[in-house]
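Student: Input structure: data-v2.tsv, which contains TSV, C-alpha atoms.
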```
chain	number	residue	atom	x	y	z
Y	285	MET	CA	-5.56	29.16	11.55
Y	286	PRO	CA	-2.58	27.04	10.41
Y	287	ASP	CA	-2.80	25.01	7.20
Y	288	ILE	CA	-1.28	21.56	6.74
Y	289	ILE	CA	-1.25	20.40	3.13
Y	290	MET	CA	-0.57	16.67	2.68
Y	291	THR	CA	0.31	15.46	-0.81
Y	292	SER	CA	-0.78	11.94	-1.74
Y	293	ASN	CA	-1.55	9.93	-4.84
Y	294	SER	CA	-2.69	6.38	-4.34
Y	295	PRO	CA	-4.94	4.02	-2.36
Y	296	GLY	CA	-2.22	2.69	-0.08
Y	297	GLU	CA	-0.92	6.07	1.02
Y	298	LEU	CA	-4.37	7.60	1.50
Y	299	SER	CA	-5.75	4.72	3.55
Y	300	SER	CA	-2.68	4.50	5.77
Y	301	TRP	CA	-0.29	7.45	5.85
Y	302	VAL	CA	-2.81	10.25	5.35
Y	303	ARG	CA	-5.49	8.72	7.55
Y	304	VAL	CA	-3.10	8.01	10.43
Y	305	THR	CA	-1.38	11.40	10.24
Y	306	SER	CA	-4.59	13.43	10.10
Y	307	GLN	CA	-6.06	11.52	13.06
Y	308	ALA	CA	-2.91	12.08	15.12
Y	309	LEU	CA	-2.75	15.78	14.26
Y	310	LEU	CA	-6.34	16.46	15.26
Y	311	ALA	CA	-5.91	14.47	18.47
Y	312	ARG	CA	-3.04	16.74	19.50
Y	313	GLN	CA	-4.16	20.11	18.13
Y	314	ALA	CA	-7.77	20.78	17.21
Y	315	ASP	CA	-7.33	24.22	15.63
Y	316	LEU	CA	-5.93	23.13	12.28
Y	317	ARG	CA	-7.00	23.19	8.68
Y	318	LEU	CA	-6.01	19.89	7.06
Y	319	HIS	CA	-5.90	19.60	3.27
Y	320	VAL	CA	-5.05	16.74	0.92
Y	321	ALA	CA	-3.52	17.65	-2.44
Y	322	LEU	CA	-3.93	14.67	-4.76
Y	323	VAL	CA	-1.17	14.62	-7.36
Y	324	PRO	CA	-1.48	13.25	-10.92
Y	325	CYS	CA	-0.70	9.53	-11.02
Y	326	PRO	CA	-1.02	7.09	-13.97
Y	327	TYR	CA	-2.15	4.33	-11.62
Y	328	ALA	CA	-4.82	6.22	-9.71
Y	329	THR	CA	-8.03	4.23	-9.35
Y	330	GLY	CA	-10.33	7.20	-9.97
Y	331	ARG	CA	-11.88	6.85	-6.50
Y	332	GLU	CA	-9.23	8.76	-4.53
Y	333	MET	CA	-11.31	11.95	-4.33
Y	334	ASP	CA	-14.29	10.09	-2.88
Y	335	TYR	CA	-12.15	8.20	-0.38
Y	336	ALA	CA	-10.23	11.28	0.79
Y	337	GLY	CA	-13.49	13.19	1.09
Y	338	GLU	CA	-14.71	10.64	3.64
Y	339	LEU	CA	-11.66	10.97	5.89
Y	340	PRO	CA	-12.74	12.75	9.08
Y	341	GLY	CA	-11.38	16.18	9.89
Y	342	LEU	CA	-10.22	17.30	6.45
Y	343	THR	CA	-10.98	20.88	5.43
Y	344	SER	CA	-10.55	20.30	1.70
Y	345	VAL	CA	-9.33	17.85	-0.94
Y	346	LEU	CA	-7.65	19.14	-4.11
Y	347	ALA	CA	-8.26	17.04	-7.20
Y	348	PRO	CA	-5.20	16.02	-9.26
Y	349	ARG	CA	-6.04	18.60	-11.94
Y	350	GLU	CA	-6.13	21.34	-9.29
Y	351	THR	CA	-2.77	20.27	-7.90
Y	352	LEU	CA	-1.35	20.13	-11.42
Y	353	ARG	CA	-2.40	23.75	-11.99
Y	354	LEU	CA	-0.59	24.74	-8.80
Y	355	LEU	CA	2.54	22.83	-9.85
Y	356	LEU	CA	2.49	24.75	-13.14
Y	357	GLY	CA	2.40	28.02	-11.20
Y	358	LEU	CA	-1.20	28.84	-12.12
Y	359	PRO	CA	-3.61	30.53	-9.69
Y	360	GLY	CA	-5.54	28.35	-7.28
Y	361	PHE	CA	-5.52	27.24	-3.66
Y	362	ARG	CA	-3.17	29.21	-1.42
Y	363	PRO	CA	-2.58	28.48	2.27
Y	364	SER	CA	-2.11	30.98	5.06
Y	365	ARG	CA	1.38	32.17	5.95
Y	366	GLN	CA	1.46	29.69	8.83
Y	367	ALA	CA	1.52	26.48	6.83
Y	368	VAL	CA	3.55	23.37	6.07
Y	369	VAL	CA	3.53	20.96	3.13
Y	370	VAL	CA	3.83	17.30	4.15
Y	371	PHE	CA	4.85	14.66	1.61
Y	372	LEU	CA	2.71	11.56	2.13
Y	373	GLY	CA	2.74	10.09	-1.36
Y	374	GLY	CA	3.34	10.98	-4.98
Y	375	GLU	CA	6.71	12.34	-6.07
Y	376	LEU	CA	8.96	14.22	-3.67
Y	377	TRP	CA	9.53	17.03	-6.16
Y	378	GLN	CA	5.80	17.76	-6.25
Y	379	ALA	CA	5.57	18.44	-2.53
Y	380	GLY	CA	8.87	20.31	-2.64
Y	381	ARG	CA	7.66	22.56	-5.45
Y	382	LEU	CA	4.41	23.41	-3.66
Y	383	ALA	CA	6.33	24.38	-0.54
Y	384	HIS	CA	8.70	26.52	-2.63
Y	385	LEU	CA	5.89	28.25	-4.53
Y	386	TRP	CA	4.06	29.11	-1.33
Y	387	GLY	CA	7.21	30.01	0.61
Y	388	VAL	CA	6.42	27.60	3.46
Y	389	PRO	CA	8.45	24.78	5.04
Y	390	GLY	CA	8.16	21.19	3.87
Y	391	LEU	CA	8.38	17.87	5.66
Y	392	ALA	CA	8.80	14.57	3.82
Y	393	TYR	CA	7.91	11.13	5.15
Y	394	SER	CA	10.46	9.18	3.16
Y	395	VAL	CA	10.54	5.38	2.95
Y	396	ARG	CA	13.43	5.24	0.47
Y	397	PRO	CA	16.56	7.38	-0.01
Y	398	SER	CA	16.38	10.14	-2.60
Y	399	ARG	CA	18.37	13.26	-3.42
Y	400	GLN	CA	15.08	15.13	-3.74
Y	401	ALA	CA	14.70	14.91	0.05
Y	402	ARG	CA	17.31	17.70	0.28
Y	403	ALA	CA	14.56	20.20	-0.57
Y	404	PHE	CA	12.74	19.61	2.74
Y	405	GLU	CA	13.34	21.27	6.09
Y	406	ARG	CA	12.75	17.94	7.81
Y	407	VAL	CA	12.76	14.33	6.64
Y	408	ALA	CA	10.92	11.75	8.73
Y	409	VAL	CA	11.87	8.11	8.17
Y	410	PRO	CA	10.42	4.80	9.40
Y	411	GLY	CA	13.72	3.48	10.78
Y	412	PRO	CA	17.41	4.27	11.33
Y	413	GLU	CA	18.50	2.15	8.36
Y	414	LEU	CA	17.51	5.04	6.06
Y	415	VAL	CA	19.62	7.70	7.78
Y	416	ALA	CA	23.00	6.84	6.24
Y	417	PRO	CA	21.64	6.46	2.66
Y	418	LEU	CA	19.91	9.85	2.93
Y	419	VAL	CA	23.04	11.51	4.30
Y	420	ALA	CA	25.00	9.96	1.42
Y	421	ARG	CA	22.56	11.68	-0.95
Y	422	GLY	CA	23.16	15.09	0.56
Y	423	VAL	CA	20.48	15.37	3.28
Y	424	ALA	CA	21.88	17.06	6.38
Y	425	PRO	CA	21.78	14.56	9.29
Y	426	GLU	CA	20.24	17.10	11.66
Y	427	ARG	CA	17.19	17.28	9.36
Y	428	ILE	CA	16.46	13.55	9.61
Y	429	VAL	CA	14.27	12.12	12.36
Y	430	CYS	CA	13.12	8.54	12.92
Y	431	VAL	CA	9.39	8.35	13.68
Y	432	GLY	CA	8.54	4.69	12.97
Y	433	ASP	CA	6.28	3.12	10.38
Y	434	LEU	CA	2.91	4.79	9.80
Y	435	MET	CA	1.59	1.47	8.46
Y	436	VAL	CA	1.75	-0.04	11.95
Y	437	ASP	CA	-0.63	2.62	13.30
Y	438	GLY	CA	-2.94	2.13	10.34
Y	439	VAL	CA	-3.47	-1.62	10.78
Y	440	SER	CA	-6.29	-2.32	13.23
Y	441	LEU	CA	-6.80	-6.06	13.70
Y	442	PRO	CA	-9.81	-7.92	15.15
Y	443	GLU	CA	-9.49	-9.30	18.66
Y	444	SER	CA	-9.04	-12.87	17.46
Y	445	ARG	CA	-8.83	-14.97	14.31
Y	446	GLU	CA	-12.04	-16.72	15.31
Y	447	ASP	CA	-13.93	-13.42	15.59
Y	448	ALA	CA	-12.67	-12.31	12.17
Y	449	ARG	CA	-13.71	-15.56	10.53
Y	450	GLN	CA	-17.18	-15.50	12.06
Y	451	VAL	CA	-17.78	-11.97	10.78
Y	452	LEU	CA	-16.59	-12.92	7.30
Y	453	GLY	CA	-18.59	-16.14	7.13
Y	454	LEU	CA	-15.57	-18.45	7.14
Y	455	ALA	CA	-15.26	-21.79	8.91
Y	456	ILE	CA	-13.21	-21.43	12.10
Y	457	ASP	CA	-11.47	-24.81	11.89
Y	458	ARG	CA	-10.25	-24.76	8.26
Y	459	PRO	CA	-7.15	-22.96	6.92
Y	460	VAL	CA	-7.73	-19.76	4.94
Y	461	LEU	CA	-5.73	-18.42	2.00
Y	462	GLY	CA	-6.30	-14.72	1.28
Y	463	LEU	CA	-6.07	-13.29	-2.22
Y	464	PHE	CA	-4.90	-9.66	-2.58
Y	465	PRO	CA	-4.87	-8.79	-6.33
Y	466	GLY	CA	-4.32	-5.03	-5.97
Y	467	SER	CA	-6.40	-1.87	-6.10
Y	468	ARG	CA	-5.68	-0.50	-9.58
Y	469	SER	CA	-7.51	-1.68	-12.68
Y	470	VAL	CA	-4.41	-2.74	-14.61
Y	471	HIS	CA	-3.11	-4.86	-11.73
Y	472	LEU	CA	-6.53	-6.32	-10.98
Y	473	ARG	CA	-6.94	-7.43	-14.59
Y	474	ALA	CA	-3.48	-9.00	-14.56
Y	475	ALA	CA	-3.60	-10.70	-11.15
Y	476	LEU	CA	-7.17	-11.71	-10.31
Y	477	PRO	CA	-7.77	-14.32	-13.07
Y	478	PRO	CA	-4.50	-16.25	-12.37
Y	479	PHE	CA	-5.12	-15.95	-8.60
Y	480	LEU	CA	-8.49	-17.67	-9.01
Y	481	ARG	CA	-6.87	-20.43	-11.07
Y	482	VAL	CA	-4.30	-20.93	-8.29
Y	483	ALA	CA	-7.17	-21.23	-5.80
Y	484	GLU	CA	-8.92	-23.82	-7.99
Y	485	LYS	CA	-5.76	-25.91	-8.29
Y	486	LEU	CA	-5.06	-25.75	-4.54
Y	487	ALA	CA	-8.66	-26.65	-3.73
Y	488	SER	CA	-8.48	-29.76	-5.89
Y	489	SER	CA	-5.43	-31.11	-4.03
Y	490	HIS	CA	-6.20	-29.57	-0.62
Y	491	PRO	CA	-9.98	-29.62	-0.09
Y	492	GLU	CA	-9.53	-28.41	3.48
Y	493	PHE	CA	-8.59	-24.95	2.19
Y	494	GLN	CA	-11.04	-22.07	2.05
Y	495	PHE	CA	-10.37	-18.89	0.12
Y	496	LEU	CA	-11.00	-15.22	0.81
Y	497	LEU	CA	-10.79	-12.53	-1.87
Y	498	ALA	CA	-9.98	-9.22	-0.16
Y	499	LEU	CA	-10.99	-6.35	-2.43
Y	500	SER	CA	-9.55	-2.93	-1.73
Y	501	PRO	CA	-11.94	-0.14	-0.63
Y	502	PHE	CA	-10.96	1.46	-3.95
Y	503	VAL	CA	-12.34	-1.49	-5.97
Y	504	SER	CA	-16.04	-1.97	-6.68
Y	505	LEU	CA	-17.61	-5.34	-7.43
Y	506	ALA	CA	-18.36	-4.05	-10.91
Y	507	ALA	CA	-14.68	-3.24	-11.48
Y	508	ALA	CA	-13.64	-6.66	-10.17
Y	509	GLN	CA	-16.14	-8.35	-12.51
Y	510	GLN	CA	-14.80	-6.30	-15.40
Y	511	ALA	CA	-11.27	-7.45	-14.53
Y	512	LEU	CA	-12.43	-11.05	-14.87
Y	513	ASP	CA	-14.33	-10.39	-18.08
Y	514	HIS	CA	-11.44	-8.48	-19.70
Y	515	PRO	CA	-8.20	-9.92	-18.26
Y	516	ILE	CA	-4.65	-9.06	-19.27
Y	517	ASP	CA	-3.01	-12.08	-20.86
Y	518	LEU	CA	0.20	-12.94	-18.99
Y	519	GLY	CA	0.64	-16.27	-20.73
Y	520	LEU	CA	-0.53	-18.06	-17.56
Y	521	GLU	CA	-3.52	-20.23	-16.76
Y	522	ARG	CA	-6.42	-18.19	-15.50
Y	523	SER	CA	-10.00	-18.59	-14.39
Y	524	SER	CA	-13.09	-16.43	-14.36
Y	525	GLY	CA	-16.30	-16.34	-12.37
Y	526	ARG	CA	-19.35	-14.39	-11.32
Y	527	PHE	CA	-19.71	-12.27	-8.23
Y	528	GLY	CA	-22.60	-12.63	-5.84
Y	529	ARG	CA	-23.26	-10.38	-2.87
Y	530	ARG	CA	-20.60	-11.87	-0.59
Y	531	SER	CA	-18.99	-14.56	-2.68
Y	532	LEU	CA	-17.66	-15.48	-6.08
Y	533	ARG	CA	-18.19	-18.76	-7.90
Y	534	THR	CA	-15.35	-19.59	-10.25
Y	535	ARG	CA	-15.64	-21.31	-13.60
Y	536	ALA	CA	-14.64	-24.61	-11.95
Y	537	GLY	CA	-17.33	-24.23	-9.27
Y	538	LEU	CA	-15.10	-23.05	-6.40
Y	539	GLU	CA	-16.83	-20.78	-3.87
Y	540	VAL	CA	-14.61	-17.88	-2.78
Y	541	VAL	CA	-15.72	-15.63	0.07
Y	542	VAL	CA	-15.46	-11.94	-0.91
Y	543	THR	CA	-14.90	-9.01	1.40
Y	544	GLN	CA	-14.68	-5.39	0.32
Y	545	GLY	CA	-13.12	-2.44	2.09
Y	546	ARG	CA	-12.15	-4.37	5.26
Y	547	PRO	CA	-8.54	-5.41	4.54
Y	548	HIS	CA	-7.34	-5.53	8.13
Y	549	GLN	CA	-10.23	-7.69	9.31
Y	550	SER	CA	-9.39	-9.99	6.39
Y	551	MET	CA	-5.74	-10.14	7.39
Y	552	GLY	CA	-6.70	-11.15	10.91
Y	553	ALA	CA	-8.58	-14.17	9.56
Y	554	LEU	CA	-5.80	-15.65	7.42
Y	555	ASP	CA	-3.26	-18.42	7.68
Y	556	LEU	CA	-1.53	-17.32	4.49
Y	557	ALA	CA	-1.85	-14.61	1.83
Y	558	LEU	CA	-1.11	-14.38	-1.89
Y	559	THR	CA	-0.35	-10.84	-3.05
Y	560	ILE	CA	1.25	-8.63	-5.66
Y	561	PRO	CA	3.82	-5.93	-4.70
Y	562	GLY	CA	2.53	-2.79	-3.07
Y	563	THR	CA	1.48	-1.15	0.16
Y	564	ASN	CA	-0.48	-4.20	1.26
Y	565	THR	CA	2.78	-6.16	1.72
Y	566	ALA	CA	3.63	-3.75	4.55
Y	567	GLU	CA	0.11	-4.00	6.00
Y	568	LEU	CA	0.24	-7.81	5.89
Y	569	ALA	CA	3.61	-7.66	7.66
Y	570	CYS	CA	2.18	-5.37	10.35
Y	571	ALA	CA	-0.61	-7.91	10.83
Y	572	GLY	CA	1.95	-10.70	11.14
Y	573	CYS	CA	0.38	-12.49	8.19
Y	574	PRO	CA	2.68	-14.89	6.27
Y	575	MET	CA	2.54	-14.14	2.56
Y	576	VAL	CA	3.83	-15.14	-0.84
Y	577	LEU	CA	4.42	-12.37	-3.35
Y	578	VAL	CA	4.04	-13.07	-7.06
Y	579	LEU	CA	5.30	-11.19	-10.10
Y	580	SER	CA	5.45	-11.65	-13.84
Y	581	ASN	CA	7.75	-9.83	-16.25
Y	582	ARG	CA	4.66	-9.36	-18.42
Y	583	ALA	CA	2.77	-7.54	-15.66
Y	584	PRO	CA	3.51	-3.99	-14.46
Y	585	LEU	CA	4.85	-3.43	-10.98
Y	586	PRO	CA	2.51	-1.23	-8.90
Y	587	ARG	CA	4.20	2.15	-9.22
Y	588	GLY	CA	3.66	5.73	-10.33
Y	589	GLY	CA	5.94	8.40	-11.74
Y	590	PRO	CA	8.09	7.77	-14.86
Y	591	GLY	CA	7.99	4.00	-14.28
Y	592	GLY	CA	4.21	4.03	-14.28
Y	593	LEU	CA	4.14	5.99	-17.52
Y	594	LEU	CA	6.56	3.49	-19.06
Y	595	ASP	CA	4.18	0.64	-18.18
Y	596	LEU	CA	1.43	2.33	-20.17
Y	597	MET	CA	3.53	2.53	-23.36
Y	598	PRO	CA	3.20	-0.17	-26.06
Y	599	LEU	CA	6.84	-1.34	-26.07
Y	600	GLY	CA	6.13	-5.07	-26.52
Y	601	ALA	CA	8.92	-7.48	-25.60
Y	602	TRP	CA	11.25	-4.59	-24.71
Y	603	LYS	CA	8.93	-3.64	-21.86
Y	604	GLU	CA	8.96	-7.22	-20.51
Y	605	GLN	CA	12.75	-7.21	-20.39
Y	606	LEU	CA	12.82	-3.77	-18.78
Y	607	ARG	CA	10.42	-4.96	-16.07
Y	608	LEU	CA	12.44	-8.09	-15.37
Y	609	ARG	CA	15.68	-6.08	-15.32
Y	610	GLU	CA	14.14	-3.61	-12.89
Y	611	TYR	CA	13.03	-6.41	-10.58
Y	612	LEU	CA	16.51	-7.96	-10.64
Y	613	ARG	CA	17.90	-4.59	-9.47
Y	614	PHE	CA	16.50	-5.43	-6.04
Y	615	PRO	CA	18.61	-8.31	-4.66
Y	616	HIS	CA	16.25	-8.81	-1.71
Y	617	GLY	CA	13.03	-8.55	-3.72
Y	618	VAL	CA	10.34	-5.87	-3.84
Y	619	ALA	CA	8.04	-6.79	-0.94
Y	620	GLN	CA	8.29	-4.00	1.59
Y	621	PRO	CA	9.21	-6.31	4.50
Y	622	ASN	CA	11.99	-7.81	2.37
Y	623	LEU	CA	13.34	-4.36	1.53
Y	624	ARG	CA	13.27	-3.47	5.21
Y	625	ALA	CA	14.86	-6.74	6.35
Y	626	GLY	CA	17.54	-6.68	3.65
Y	627	ARG	CA	16.82	-10.32	2.83
Y	628	LYS	CA	14.05	-12.43	1.29
Y	629	LEU	CA	12.09	-12.99	4.46
Y	630	VAL	CA	8.88	-13.30	2.43
Y	631	PRO	CA	8.95	-15.68	-0.57
Y	632	GLU	CA	8.77	-13.95	-3.96
Y	633	VAL	CA	7.95	-15.95	-7.09
Y	634	VAL	CA	8.56	-14.63	-10.61
Y	635	LEU	CA	6.26	-16.52	-12.99
Y	636	GLN	CA	7.14	-17.20	-16.61
Y	637	ASP	CA	4.63	-19.54	-18.27
Y	638	SER	CA	3.38	-21.81	-15.48
Y	639	LEU	CA	1.62	-21.42	-12.13
Y	640	GLU	CA	3.26	-24.54	-10.69
Y	641	PRO	CA	6.27	-22.80	-9.04
Y	642	LEU	CA	3.85	-20.55	-7.16
Y	643	ILE	CA	1.58	-23.42	-6.13
Y	644	SER	CA	4.59	-25.37	-4.89
Y	645	VAL	CA	5.70	-22.49	-2.63
Y	646	LEU	CA	2.17	-21.99	-1.30
Y	647	GLU	CA	1.78	-25.71	-0.53
Y	648	GLU	CA	5.12	-25.80	1.24
Y	649	LEU	CA	4.17	-22.87	3.51
Y	650	ALA	CA	0.67	-24.23	4.06
Y	651	ARG	CA	2.08	-27.54	5.35
Y	652	ASP	CA	4.64	-25.94	7.68
Y	653	SER	CA	2.73	-24.33	10.55
Y	654	GLU	CA	5.93	-23.77	12.56
Y	655	ARG	CA	7.50	-21.81	9.70
Y	656	ARG	CA	4.36	-19.69	9.35
Y	657	ALA	CA	4.34	-18.95	13.09
Y	658	ARG	CA	8.03	-18.00	12.99
Y	659	LEU	CA	7.48	-15.80	9.94
Y	660	SER	CA	4.54	-14.10	11.65
Y	661	ARG	CA	6.68	-13.22	14.68
Y	662	GLU	CA	9.53	-11.95	12.50
Y	663	LEU	CA	7.22	-9.76	10.43
Y	664	ARG	CA	5.64	-8.12	13.49
Y	665	ALA	CA	9.05	-7.46	15.05
Y	666	LEU	CA	10.40	-6.09	11.77
Y	667	MET	CA	7.64	-3.50	11.34
Y	668	GLY	CA	8.08	-2.17	14.87
Y	669	ALA	CA	5.77	-0.76	17.52
Y	670	PRO	CA	2.89	1.70	16.98
Y	671	GLY	CA	3.21	5.42	17.66
Y	672	ALA	CA	4.59	6.72	14.36
Y	673	GLY	CA	1.51	8.86	13.76
Y	674	GLU	CA	1.92	10.59	17.10
Y	675	ARG	CA	5.62	11.22	16.51
Y	676	LEU	CA	5.09	12.53	12.97
Y	677	ALA	CA	2.30	14.82	14.18
Y	678	GLY	CA	4.69	16.18	16.80
Y	679	GLN	CA	7.26	16.97	14.12
Y	680	ILE	CA	4.69	18.76	11.96
Y	681	LEU	CA	3.42	20.85	14.83
Y	682	GLU	CA	6.98	21.66	15.91
Y	683	ILE	CA	7.73	23.04	12.44
Y	684	LEU	CA	4.63	25.21	12.73
Y	685	GLY	CA	5.67	26.32	16.24
Y	686	LEU	CA	2.37	25.17	17.72
Y	687	PRO	CA	1.82	24.04	21.32
Y	688	LEU	CA	0.22	20.68	22.05
Y	689	VAL	CA	-3.24	21.28	23.49
Y	690	LYS	CA	-4.33	17.64	23.53
Y	691	GLN	CA	-2.69	14.35	24.32
Y	692	TYR	CA	-2.63	11.68	21.63
Y	693	ALA	CA	-5.24	9.05	22.40
```
Would you mind writing the file out in structure tokens?

Tutor:
Amino acid sequence: MPDIIMTSNSPGELSSWVRVTSQALLARQADLRLHVALVPCPYATGREMDYAGELPGLTSVLAPRETLRLLLGLPGFRPSRQAVVVFLGGELWQAGRLAHLWGVPGLAYSVRPSRQARAFERVAVPGPELVAPLVARGVAPERIVCVGDLMVDGVSLPESREDARQVLGLAIDRPVLGLFPGSRSVHLRAALPPFLRVAEKLASSHPEFQFLLALSPFVSLAAAQQALDHPIDLGLERSSGRFGRRSLRTRAGLEVVVTQGRPHQSMGALDLALTIPGTNTAELACAGCPMVLVLSNRAPLPRGGPGGLLDLMPLGAWKEQLRLREYLRFPHGVAQPNLRAGRKLVPEVVLQDSLEPLISVLEELARDSERRARLSRELRALMGAPGAGERLAGQILEILGLPLVKQYA
């Protein structure tokens, strides 16, 4: 039986790319063994094994330490001769090395140009804008195929905003601001306390607002409470609070509705979202949810690899300048829809020592319903139509030389 080994490393990729791809593969060809090889990542949440183990249809999940042994050339898991390694997160070289060690073909789903993509027999990309940059980095054009954005397939929205709000316990006739502070401990500790202070300030001047804290499926209530109890000091105002079963009461007495593990239902309920960089910016865009992205040069960008290791080093003020310099390398910002659009479609605010610039941008968007509606339409159009999972599955099966015995549902 053929083996398909998908490398991945983080919450965003597992809950979107891996989930969508495995569902599409099994819908088209039932006789497969699907494996996830989790790669070492400094920003892993520690819950990736549990989450991957709950994905339907997987034959096995390799822990990061097991994958590391394989990368070092030590004995361990070995697929059958009819196999393919699929890059769905982590570092491209990791998937490329596994394919080389096992002597099997590799396919990379690449969302940014890299010379490392040359090691793969086929490179799938979300859109045609990535073809020329990959060719410029030495990838043969005949190896590149556009499949669309896997995020679009992964976002399943409720039938209506009213339905979503009823399920979440929100008032139907009041605007909702969603808070998305990230899924990793270091980002949660940096973002959640200032986010709550922003909510308190907005509530005092705009009492019509209600607030929804959307916790990732990789974040427990205990971890979120710990982030509030032990925050990272960014030199910004921050708040704290105590979690109840479905809500959080802040230090100033603001009630915030809390939802856990249902990000797409949350997105369907919102008028506006406040978020840090990461996969959720693409998911919010797929949902057509207007957003404001916030950064601080004292807070790490959500990333893995060498950059993630750098964020863990005690470099003091040097690290702050390196982070700011890295951000300024991206003229259109770091939100995924902005990178795709090649312009700052979504507002990005870099905070120094005050929350007021962020609050000003949020208030401006909150007042302008026409701008939010226009932004929603642009985001949906930018991310494209569904079907990427089906197309990627077709490419994987083609590499394996397998017939299609089922139609994608």

Student: Any idea what's packed within 9 Å of range 427-440 of chain Y, counting only C-alpha atoms, ignoring anything in its chain fewer than 6 positions away? Could you give it as a count of residues only?

Tutor: 41

Student: Find the residues around Ile560 in chain Y up to 9 Å (only C-alpha atoms counted), leave out those fewer than 5 positions away in its own chain, and share them as a list in words.

Tutor: Phe464, Pro465, Gly466, His471, Ala475, Thr565, Val576, Leu577, Val578, Leu579, Leu585, Pro586 and Ala619 of chain Y

Student: Only C-alpha atoms, please: the residues just picked out, written as a PDB file, in the coordinates of the input.

Tutor:
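part.pdb, written as the output of this step:
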```
ATOM      1  CA  PHE Y 464      -4.900  -9.660  -2.580  1.00  0.00           C
ATOM      2  CA  PRO Y 465      -4.870  -8.790  -6.330  1.00  0.00           C
ATOM      3  CA  GLY Y 466      -4.320  -5.030  -5.970  1.00  0.00           C
ATOM      4  CA  HIS Y 471      -3.110  -4.860 -11.730  1.00  0.00           C
ATOM      5  CA  ALA Y 475      -3.600 -10.700 -11.150  1.00  0.00           C
ATOM      6  CA  THR Y 565       2.780  -6.160   1.720  1.00  0.00           C
ATOM      7  CA  VAL Y 576       3.830 -15.140  -0.840  1.00  0.00           C
ATOM      8  CA  LEU Y 577       4.420 -12.370  -3.350  1.00  0.00           C
ATOM      9  CA  VAL Y 578       4.040 -13.070  -7.060  1.00  0.00           C
ATOM     10  CA  LEU Y 579       5.300 -11.190 -10.100  1.00  0.00           C
ATOM     11  CA  LEU Y 585       4.850  -3.430 -10.980  1.00  0.00           C
ATOM     12  CA  PRO Y 586       2.510  -1.230  -8.900  1.00  0.00           C
ATOM     13  CA  ALA Y 619       8.040  -6.790  -0.940  1.00  0.00           C
TER      14      ALA Y 619
END
```

Student: Which residues of range 458-554 of chain Y come within 9 Å of range 327-334 of chain Y, and for each one, what is the closest pair of atoms and their distance in Å to one decimal, counting only C-alpha atoms, sorted by chain and residue number, as a Markdown table?

Tutor:
```
| residue | atom | partner | partner_atom | distance |
| --- | --- | --- | --- | --- |
| Y:Ser467 | CA | Y:Thr329 | CA | 7.1 |
| Y:Arg468 | CA | Y:Thr329 | CA | 5.3 |
| Y:Ser469 | CA | Y:Thr329 | CA | 6.8 |
| Y:Val470 | CA | Y:Tyr327 | CA | 8.0 |
| Y:Phe502 | CA | Y:Arg331 | CA | 6.0 |
| Y:Val503 | CA | Y:Thr329 | CA | 7.9 |
```

Student: How close does each residue of range 631-688 of chain Y get to range 486-496 of chain Y, giving the shortest atom pair and distance in Å to one decimal for every residue with an atom at most 12 Å away, counting all atoms listed in the file, sorted by chain and residue number, as a Markdown table?

Tutor:
```
| residue | atom | partner | partner_atom | distance |
| --- | --- | --- | --- | --- |
| Y:Leu639 | CA | Y:Leu486 | CA | 11.0 |
| Y:Glu640 | CA | Y:Leu486 | CA | 10.4 |
| Y:Leu642 | CA | Y:Leu486 | CA | 10.6 |
| Y:Ile643 | CA | Y:Leu486 | CA | 7.2 |
| Y:Ser644 | CA | Y:Leu486 | CA | 9.7 |
| Y:Val645 | CA | Y:Leu486 | CA | 11.4 |
| Y:Leu646 | CA | Y:Leu486 | CA | 8.8 |
| Y:Glu647 | CA | Y:Leu486 | CA | 7.9 |
| Y:Glu648 | CA | Y:Leu486 | CA | 11.7 |
| Y:Ala650 | CA | Y:Phe493 | CA | 9.5 |
| Y:Arg651 | CA | Y:His490 | CA | 10.4 |
```

Student: Could you state the separation of CA of Arg421 in chain Y and CA of Ser394 in chain Y in Å, given to one decimal place?

Tutor: 13.0 Å

Student: Which is closer to Leu382 in chain Y than all the others in Y:Leu354, Y:Gly545, Y:Ser550, Y:Ser344, using only C-alpha atoms?

Tutor: Y:Leu354

Student: Would you compute an axis-aligned box for range 346-359 of chain Y, covering every atom listed for it in the file with 4 Å of margin on each side, and report centre and edge lengths in Å to one decimal as AutoDock Vina command-line options?

Tutor:
```
--center_x -2.9 --center_y 23.3 --center_z -8.6 --size_x 18.8 --size_y 22.5 --size_z 17.0
```

Student: Which residues are close to Ile288 in chain Y, i.e. within 10 Å by all atoms listed in the file, leaving aside same-chain residues fewer than 4 positions away? Reply as a VMD selection string.

Tutor: chain Y and resid 306 309 316 to 320 342 to 343 363 to 364 366 to 370 390 680 to 681 684

Student: So, counting only C-alpha atoms, which residue among Y:Ala336, Y:Ala553, Y:Ala383, Y:Leu372 is closest to Leu452 in chain Y?

Tutor: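 Smallest distance to Leu452 in chain Y is found for Y:Ala553.
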
Student: Here is a test: counting only C-alpha atoms, which residue of Y:Gly357, Y:Pro621, Y:Pro324, Y:Pro397 is nearest to Glu375 in chain Y?

Tutor: Y:Pro324

Student: Excluding Arg473 in chain Y and its own-chain neighbours fewer than 4 positions away, which residues fall within 7 Å of it when counting all atoms listed in the file? Please give them as a ChimeraX atom specification.

Tutor: /Y:469,511-512,514-516

Student: Take CA of Gly374 in chain Y and CA of Val323 in chain Y and report the distance between them in Å, one decimal.

Tutor: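 CA of Val323 in chain Y lies 6.3 Å from CA of Gly374 in chain Y.
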
Student: Dump range 423-428 of chain Y with C-alpha atoms to a file, as a short mmCIF file (atom, residue, chain, number, x, y, z; two decimals), in the first residue's frame.

Tutor:
```
data_model
loop_
_atom_site.label_atom_id
_atom_site.label_comp_id
_atom_site.auth_asym_id
_atom_site.auth_seq_id
_atom_site.Cartn_x
_atom_site.Cartn_y
_atom_site.Cartn_z
CA VAL Y 423 13.16 25.75 -10.00
CA ALA Y 424 12.37 24.34 -13.43
CA PRO Y 425 9.07 25.86 -14.65
CA GLU Y 426 7.70 22.47 -15.71
CA ARG Y 427 7.89 21.35 -12.06
CA ILE Y 428 5.65 24.16 -10.80
#
```
